[in-house]
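Below you'll find the structure, written out as structure tokens, and then a few comments.
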Amino acid sequence: MIKFEVKKLSAWYRDIKVLDGISMPILEQQVTAIIGPSGCGKSTFIRCLNRMHELSEGARLEGHVLLESQNIYAPKVDPVLLRRRVGMVFQKPNPFPHLSILDNVLSGLRLTRRPKNLEIAESALRKAALWEEVKDRLHKPGVSLSGGQQQRLCIARTLAVDPEVILMDEPCSALDPIATARIEDLIHELRKNYTIVIVTHSMQQAARVSNKTAFFLGGLLVEFSDTSQLFTSPKDTRTEDYITGKFG
Amino acid sequence: MSKLHTDREYENELNDLRSRLAMMAYEVQKMIQYAVLSLQKSDTKLAEEVILKDHEVNRHEVEMDDLCLVILARRQPLGADLRFVTIALKMVTDLERIGDLAVSIANRTLKLQKMPAIQIPGNILEMTHGVELMLQLAIESFLDADAVKAESVLEKDDRIDELYHQLFRTLLKEMARNESLIEPLVHIQSVAKWLERIGDHCTNLAELVVFMVRGENIRHMNHAKT
Ligand SMILES: Nc1ncnc2c1ncn2[C@@H]1O[C@H](COP(=O)(O)OP(=O)(O)OP(=O)(O)O)[C@@H](O)[C@H]1O
Ligand SMILES: [Mg+2]
């Protein structure tokens, strides 16, 4: 099933166009990888999917982004509520430094203290495959964890608000191979219940975790194919040159 | 050819693989040629040369396998490079088998020494030229990434099969006519069979090239093997 339908999406920062007429579907309960050289618009693209793009100075866009057939840019849509449905995990793990592990997980929820909170936190930490490692130190600061654990903490924080879609912008670029493998294993697990879009500079990672891959170049969507097809027999020579390491 | 790899050492490794494969194919081609020539001229020295050359080809095979594994492990190639390396691995196997078949032919030269002399049938010679050309074209199509040329190899295999079946029937008749020639003619029949198999291996090579170039697998689709 189609979760997002992106239609002729263009985006600008002031008068500079950085996305040019992107059209593609994002399928439910699948992992979609976005690859492409630095500056091609990957981050901008996923930030358009939860209306974070508009938070940047001078940002503007045209075109349509439909989430389950609803235009997310319609006036009646509350961006804050939208961002709860479409969560985001960033490149650098960014737990709140002054908050405990527990409060970090719960930080996306309404601020009221409810008895159910502990249950929610445990469930989110379990889904993020972090529970066993932190269950005895929930009140320690979030920043006391290792980089890989912090990233899973951020994933738990995203999961705690019970989103439908998780956007990940280079979630493993600061992690070692073991922490990376944990996150990738987690992505495989999360795929069963969530729709995932991941931006990555590692083509091997895209090949490992995703079902579909989109190759962006200079703000254009060059190719969108099944991952297994794109990395073995891409259709476009620009994709071929990129994945075989022929740059410039 | 499209652009070069930004990492020049990687580019060199792939080129090295390419030229070694071409070299190996060239040696195998010579083996076929000399094996049949040794048969024709009843030249045991030439036959022995073919048998010796096979060790070289086997060594090539092992080296190429290693090289491919190292490239796969170190470079994790994708796209056309991935197809190139995995196909090189398979091509090496076909080439090595062709070498073995040439050795089998050369061995017949030695066996036939002790038997009544016979004329080597024209079909054997035509088959030999045919498979040599097929091998040549298969390798050229690989080096030039030329799928059309590779497809021309596939067409040629039908003629090889035809020559083989024709010869097979003729040999049966001759054996019936002249019992004292049965043994040497059985050897000739084996040679024809091996040439026909060499043709099949060349067909494999060409199909691999089509896959490498187009990314589509045409094996087991239109060519029912005989
Ligand atoms: N806040 C901003 N203001 C102005 N220009 C921006 C802003 N953010 C990004 N850009 C520009 O927009 C283009 C696309 O940037 P984007 O961050 O989407 O690329 P990217 O593909 O994610 O790159 P990277 O792989 O380096 O993260 C770039 O040219 C960048 O310089
Ligand atoms: Mg980015």
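Quick note on naming: the chains in the structure tokens go A, B, ... in the order shown, residues restart at 1 in each chain, and ligands are numbered from 1 in order of appearance.
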Tell me as a PyMOL selection string which residues belonging to chain A come within 9 Å of chain B, counting only C-alpha atoms. chain A and resi 203-204+229-234+237+239-241+243-248
Every residue of region 131-224 of chain A that DSSP places in strand (DSSP E), as a ChimeraX atom specification: /A:165-169,195-199,212-217,220-224
If the limit is 8 Å from any atom of ligand 1, counting only C-alpha atoms and all ligand atoms, which residues qualify? Return them as a VMD selection string. chain A and resid 12 to 14 16 to 19 35 to 45 56 to 59 169 to 170 199 to 201 216 219
Output C-alpha atoms for every residue in that selection, as a compact mmCIF listing (two decimals), in the first residue's frame.
```txt
# COMPACT_ATOMS: atom_id res chain seq x y z
CA TRP A 12 13.87 26.17 -2.55
CA TYR A 13 16.07 27.91 -0.05
CA ARG A 14 15.43 31.53 -0.92
CA ILE A 16 17.94 28.49 -4.97
CA LYS A 17 16.01 25.47 -6.19
CA VAL A 18 17.35 22.33 -4.50
CA LEU A 19 14.62 19.81 -5.40
CA ILE A 35 21.09 7.86 -1.92
CA GLY A 36 23.04 10.44 -3.84
CA PRO A 37 26.05 12.75 -3.57
CA SER A 38 26.35 15.42 -0.92
CA GLY A 39 24.09 18.38 -1.56
CA CYS A 40 21.75 16.57 -3.95
CA GLY A 41 18.76 17.27 -1.72
CA LYS A 42 18.28 14.04 0.27
CA SER A 43 17.83 15.72 3.64
CA THR A 44 15.66 18.42 2.14
CA PHE A 45 13.48 15.75 0.57
CA SER A 56 14.44 26.71 7.65
CA GLU A 57 15.12 30.34 6.72
CA GLY A 58 13.75 31.26 3.32
CA ALA A 59 12.45 27.75 2.67
CA ASP A 169 18.86 10.93 8.09
CA GLU A 170 22.18 9.07 8.02
CA VAL A 199 19.03 8.62 3.88
CA THR A 200 22.46 7.04 3.75
CA HIS A 201 25.83 7.62 2.17
CA PHE A 216 18.99 11.72 -6.34
CA GLY A 219 17.84 17.91 -6.99
```
All residues 9 Å or closer to region 68-75 of chain A, only C-alpha atoms, same chain fewer than 4 positions away omitted, as a VMD selection string: chain A and resid 2 to 5 49 to 51 64 79 82
For the residues selected in the previous step, produce a file with all heavy atoms as a PDB file, in the first residue's frame.
```pdb
ATOM      1  N   ILE A   2       0.344   2.298  -0.623  1.00  0.00           N
ATOM      2  CA  ILE A   2       1.114   3.542  -0.692  1.00  0.00           C
ATOM      3  C   ILE A   2       0.894   4.373   0.575  1.00  0.00           C
ATOM      4  O   ILE A   2      -0.239   4.658   0.948  1.00  0.00           O
ATOM      5  CB  ILE A   2       0.711   4.357  -1.943  1.00  0.00           C
ATOM      6  CG1 ILE A   2       1.148   3.601  -3.208  1.00  0.00           C
ATOM      7  CG2 ILE A   2       1.337   5.751  -1.909  1.00  0.00           C
ATOM      8  CD1 ILE A   2       0.731   4.258  -4.493  1.00  0.00           C
ATOM      9  N   LYS A   3       1.990   4.736   1.229  1.00  0.00           N
ATOM     10  CA  LYS A   3       1.892   5.549   2.444  1.00  0.00           C
ATOM     11  C   LYS A   3       1.968   7.025   2.056  1.00  0.00           C
ATOM     12  O   LYS A   3       1.098   7.798   2.373  1.00  0.00           O
ATOM     13  CB  LYS A   3       3.042   5.187   3.389  1.00  0.00           C
ATOM     14  CG  LYS A   3       2.895   5.775   4.763  1.00  0.00           C
ATOM     15  CD  LYS A   3       1.815   5.053   5.528  1.00  0.00           C
ATOM     16  CE  LYS A   3       1.582   5.711   6.884  1.00  0.00           C
ATOM     17  NZ  LYS A   3       0.475   5.052   7.590  1.00  0.00           N
ATOM     18  N   PHE A   4       3.038   7.361   1.351  1.00  0.00           N
ATOM     19  CA  PHE A   4       3.206   8.721   0.852  1.00  0.00           C
ATOM     20  C   PHE A   4       3.127   8.720  -0.672  1.00  0.00           C
ATOM     21  O   PHE A   4       3.694   7.830  -1.315  1.00  0.00           O
ATOM     22  CB  PHE A   4       4.612   9.247   1.182  1.00  0.00           C
ATOM     23  CG  PHE A   4       4.758   9.868   2.525  1.00  0.00           C
ATOM     24  CD1 PHE A   4       5.512   9.246   3.495  1.00  0.00           C
ATOM     25  CD2 PHE A   4       4.174  11.099   2.814  1.00  0.00           C
ATOM     26  CE1 PHE A   4       5.688   9.830   4.741  1.00  0.00           C
ATOM     27  CE2 PHE A   4       4.349  11.690   4.052  1.00  0.00           C
ATOM     28  CZ  PHE A   4       5.101  11.052   5.026  1.00  0.00           C
ATOM     29  N   GLU A   5       2.481   9.715  -1.201  1.00  0.00           N
ATOM     30  CA  GLU A   5       2.565   9.917  -2.641  1.00  0.00           C
ATOM     31  C   GLU A   5       3.161  11.318  -2.838  1.00  0.00           C
ATOM     32  O   GLU A   5       2.536  12.310  -2.461  1.00  0.00           O
ATOM     33  CB  GLU A   5       1.158   9.810  -3.256  1.00  0.00           C
ATOM     34  CG  GLU A   5       1.109   9.960  -4.760  1.00  0.00           C
ATOM     35  CD  GLU A   5       1.652   8.737  -5.498  1.00  0.00           C
ATOM     36  OE1 GLU A   5       1.140   7.630  -5.243  1.00  0.00           O
ATOM     37  OE2 GLU A   5       2.584   8.898  -6.316  1.00  0.00           O
ATOM     38  N   LEU A  49       8.801  15.693   4.020  1.00  0.00           N
ATOM     39  CA  LEU A  49       7.791  14.671   4.313  1.00  0.00           C
ATOM     40  C   LEU A  49       7.154  14.868   5.696  1.00  0.00           C
ATOM     41  O   LEU A  49       6.122  14.282   5.982  1.00  0.00           O
ATOM     42  CB  LEU A  49       8.400  13.259   4.233  1.00  0.00           C
ATOM     43  CG  LEU A  49       8.987  12.843   2.880  1.00  0.00           C
ATOM     44  CD1 LEU A  49       9.551  11.430   2.961  1.00  0.00           C
ATOM     45  CD2 LEU A  49       7.933  12.924   1.777  1.00  0.00           C
ATOM     46  N   ASN A  50       7.806  15.648   6.565  1.00  0.00           N
ATOM     47  CA  ASN A  50       7.149  15.947   7.850  1.00  0.00           C
ATOM     48  C   ASN A  50       7.115  17.440   8.146  1.00  0.00           C
ATOM     49  O   ASN A  50       7.023  17.857   9.288  1.00  0.00           O
ATOM     50  CB  ASN A  50       7.779  15.143   9.000  1.00  0.00           C
ATOM     51  CG  ASN A  50       9.158  15.655   9.382  1.00  0.00           C
ATOM     52  OD1 ASN A  50       9.755  16.440   8.641  1.00  0.00           O
ATOM     53  ND2 ASN A  50       9.643  15.227  10.532  1.00  0.00           N
ATOM     54  N   ARG A  51       7.199  18.199   7.082  1.00  0.00           N
ATOM     55  CA  ARG A  51       7.086  19.664   7.151  1.00  0.00           C
ATOM     56  C   ARG A  51       8.142  20.295   8.048  1.00  0.00           C
ATOM     57  O   ARG A  51       7.880  21.305   8.702  1.00  0.00           O
ATOM     58  CB  ARG A  51       5.669  20.068   7.574  1.00  0.00           C
ATOM     59  CG  ARG A  51       4.657  19.742   6.498  1.00  0.00           C
ATOM     60  CD  ARG A  51       3.290  20.273   6.763  1.00  0.00           C
ATOM     61  NE  ARG A  51       3.233  21.729   6.943  1.00  0.00           N
ATOM     62  CZ  ARG A  51       2.086  22.411   7.046  1.00  0.00           C
ATOM     63  NH1 ARG A  51       0.926  21.768   6.953  1.00  0.00           N
ATOM     64  NH2 ARG A  51       2.105  23.705   7.222  1.00  0.00           N
ATOM     65  N   HIS A  64       3.015  18.407  -4.335  1.00  0.00           N
ATOM     66  CA  HIS A  64       2.134  17.781  -3.352  1.00  0.00           C
ATOM     67  C   HIS A  64       2.823  16.660  -2.621  1.00  0.00           C
ATOM     68  O   HIS A  64       3.600  15.919  -3.199  1.00  0.00           O
ATOM     69  CB  HIS A  64       0.890  17.215  -4.037  1.00  0.00           C
ATOM     70  CG  HIS A  64       0.071  18.262  -4.702  1.00  0.00           C
ATOM     71  ND1 HIS A  64      -0.779  19.087  -4.005  1.00  0.00           N
ATOM     72  CD2 HIS A  64      -0.006  18.637  -6.005  1.00  0.00           C
ATOM     73  CE1 HIS A  64      -1.354  19.923  -4.844  1.00  0.00           C
ATOM     74  NE2 HIS A  64      -0.899  19.681  -6.072  1.00  0.00           N
ATOM     75  N   PRO A  79       1.121  20.995  11.720  1.00  0.00           N
ATOM     76  CA  PRO A  79       2.444  20.380  11.509  1.00  0.00           C
ATOM     77  C   PRO A  79       2.967  19.634  12.731  1.00  0.00           C
ATOM     78  O   PRO A  79       3.684  18.647  12.597  1.00  0.00           O
ATOM     79  CB  PRO A  79       3.358  21.559  11.171  1.00  0.00           C
ATOM     80  CG  PRO A  79       2.521  22.757  11.084  1.00  0.00           C
ATOM     81  CD  PRO A  79       1.121  22.440  11.482  1.00  0.00           C
ATOM     82  N   LEU A  82       1.357  16.347  12.692  1.00  0.00           N
ATOM     83  CA  LEU A  82       1.927  15.587  11.563  1.00  0.00           C
ATOM     84  C   LEU A  82       3.263  14.981  11.963  1.00  0.00           C
ATOM     85  O   LEU A  82       3.550  13.820  11.668  1.00  0.00           O
ATOM     86  CB  LEU A  82       2.117  16.507  10.350  1.00  0.00           C
ATOM     87  CG  LEU A  82       2.890  15.862   9.186  1.00  0.00           C
ATOM     88  CD1 LEU A  82       2.017  14.827   8.465  1.00  0.00           C
ATOM     89  CD2 LEU A  82       3.404  16.896   8.208  1.00  0.00           C
TER      90      LEU A  82
END
```
Can you list, as an mmCIF file with N, CA, C and O atoms, in the first residue's frame, every protein, DNA or RNA residue that comes within 10 Å of Thr227 (chain A) when you count only C-alpha atoms, leaving out same-chain residues fewer than 4 positions away?
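That gives us around-v5.cif:
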```cif
data_model
loop_
_atom_site.group_PDB
_atom_site.id
_atom_site.type_symbol
_atom_site.label_atom_id
_atom_site.label_comp_id
_atom_site.auth_asym_id
_atom_site.auth_seq_id
_atom_site.Cartn_x
_atom_site.Cartn_y
_atom_site.Cartn_z
ATOM 1 N N VAL A 31 11.099 -0.325 3.557
ATOM 2 C CA VAL A 31 12.186 0.610 3.808
ATOM 3 C C VAL A 31 12.582 1.210 2.468
ATOM 4 O O VAL A 31 12.910 0.484 1.529
ATOM 5 N N THR A 32 12.504 2.529 2.389
ATOM 6 C CA THR A 32 12.915 3.233 1.178
ATOM 7 C C THR A 32 14.223 3.950 1.482
ATOM 8 O O THR A 32 14.297 4.718 2.447
ATOM 9 N N ALA A 33 15.253 3.680 0.692
ATOM 10 C CA ALA A 33 16.540 4.343 0.898
ATOM 11 C C ALA A 33 16.683 5.484 -0.102
ATOM 12 O O ALA A 33 16.252 5.366 -1.250
ATOM 13 N N ALA A 206 22.368 0.903 2.174
ATOM 14 C CA ALA A 206 21.112 0.980 1.429
ATOM 15 C C ALA A 206 20.764 -0.396 0.870
ATOM 16 O O ALA A 206 19.621 -0.849 0.939
ATOM 17 N N ALA A 207 21.778 -1.073 0.336
ATOM 18 C CA ALA A 207 21.546 -2.398 -0.257
ATOM 19 C C ALA A 207 21.106 -3.398 0.815
ATOM 20 O O ALA A 207 20.279 -4.265 0.563
ATOM 21 N N ARG A 208 21.655 -3.252 2.009
ATOM 22 C CA ARG A 208 21.316 -4.216 3.069
ATOM 23 C C ARG A 208 19.922 -4.003 3.626
ATOM 24 O O ARG A 208 19.206 -4.975 3.855
ATOM 25 N N VAL A 209 19.529 -2.758 3.863
ATOM 26 C CA VAL A 209 18.310 -2.557 4.652
ATOM 27 C C VAL A 209 17.046 -2.245 3.855
ATOM 28 O O VAL A 209 15.950 -2.415 4.372
ATOM 29 N N SER A 210 17.190 -1.794 2.616
ATOM 30 C CA SER A 210 15.990 -1.239 1.981
ATOM 31 C C SER A 210 15.348 -2.167 0.971
ATOM 32 O O SER A 210 15.976 -3.087 0.453
ATOM 33 N N ASN A 211 14.071 -1.902 0.698
ATOM 34 C CA ASN A 211 13.351 -2.607 -0.366
ATOM 35 C C ASN A 211 13.403 -1.803 -1.666
ATOM 36 O O ASN A 211 13.481 -2.360 -2.748
ATOM 37 N N LYS A 212 13.291 -0.479 -1.493
ATOM 38 C CA LYS A 212 13.311 0.409 -2.655
ATOM 39 C C LYS A 212 14.422 1.421 -2.448
ATOM 40 O O LYS A 212 14.688 1.832 -1.317
ATOM 41 N N THR A 213 15.024 1.828 -3.550
ATOM 42 C CA THR A 213 16.062 2.848 -3.451
ATOM 43 C C THR A 213 15.801 3.940 -4.479
ATOM 44 O O THR A 213 15.446 3.662 -5.626
ATOM 45 N N ALA A 214 15.977 5.188 -4.006
ATOM 46 C CA ALA A 214 15.857 6.334 -4.903
ATOM 47 C C ALA A 214 17.230 6.981 -5.010
ATOM 48 O O ALA A 214 17.893 7.203 -4.006
ATOM 49 N N PHE A 231 21.049 -1.868 -7.489
ATOM 50 C CA PHE A 231 22.469 -2.088 -7.217
ATOM 51 C C PHE A 231 23.100 -3.183 -8.075
ATOM 52 O O PHE A 231 24.305 -3.395 -8.026
ATOM 53 N N THR A 232 22.298 -3.904 -8.844
ATOM 54 C CA THR A 232 22.906 -4.888 -9.746
ATOM 55 C C THR A 232 22.789 -4.441 -11.197
ATOM 56 O O THR A 232 23.750 -4.536 -11.948
ATOM 57 N N SER A 233 21.626 -3.951 -11.579
ATOM 58 C CA SER A 233 21.417 -3.522 -12.959
ATOM 59 C C SER A 233 20.620 -2.237 -13.016
ATOM 60 O O SER A 233 19.457 -2.238 -13.391
ATOM 61 N N PRO A 234 21.251 -1.131 -12.655
ATOM 62 C CA PRO A 234 20.508 0.133 -12.713
ATOM 63 C C PRO A 234 20.134 0.472 -14.148
ATOM 64 O O PRO A 234 20.797 0.035 -15.085
#
```
Which residue of A:Met168, A:Ile26, A:Leu153, A:Leu186 approaches ligand 2 most closely, using only C-alpha atoms and all ligand atoms: A:Met168
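Coordinates place CA of Glu164 (chain A) at a distance of 23.8 Å from CA of Phe215 (chain A).
Proximity to ligand 2 was assessed for A:Ile46, A:Val77, A:Ile187, A:Ile22 counting only C-alpha atoms and all ligand atoms; the smallest distance is recorded for A:Ile46.
As for CA of Gln40 (chain B) and CA of Val153 (chain B), they are spaced 25.8 Å apart.
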Option closest in space to ligand 2, from A:Asp176, A:Pro171, A:Lys116, A:Lys235 [counting only C-alpha atoms and all ligand atoms]: A:Pro171
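For the choices A:Glu119, A:Lys7, A:Pro163, A:Arg47, the atom-to-atom distance to ligand 2 is smallest for A:Arg47 when using only C-alpha atoms and all ligand atoms.
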Judged by only C-alpha atoms, the minimum distance to Asn12 (chain B) among B:Glu196, B:Ala145, B:Ile71, B:Glu56 is found for B:Ile71
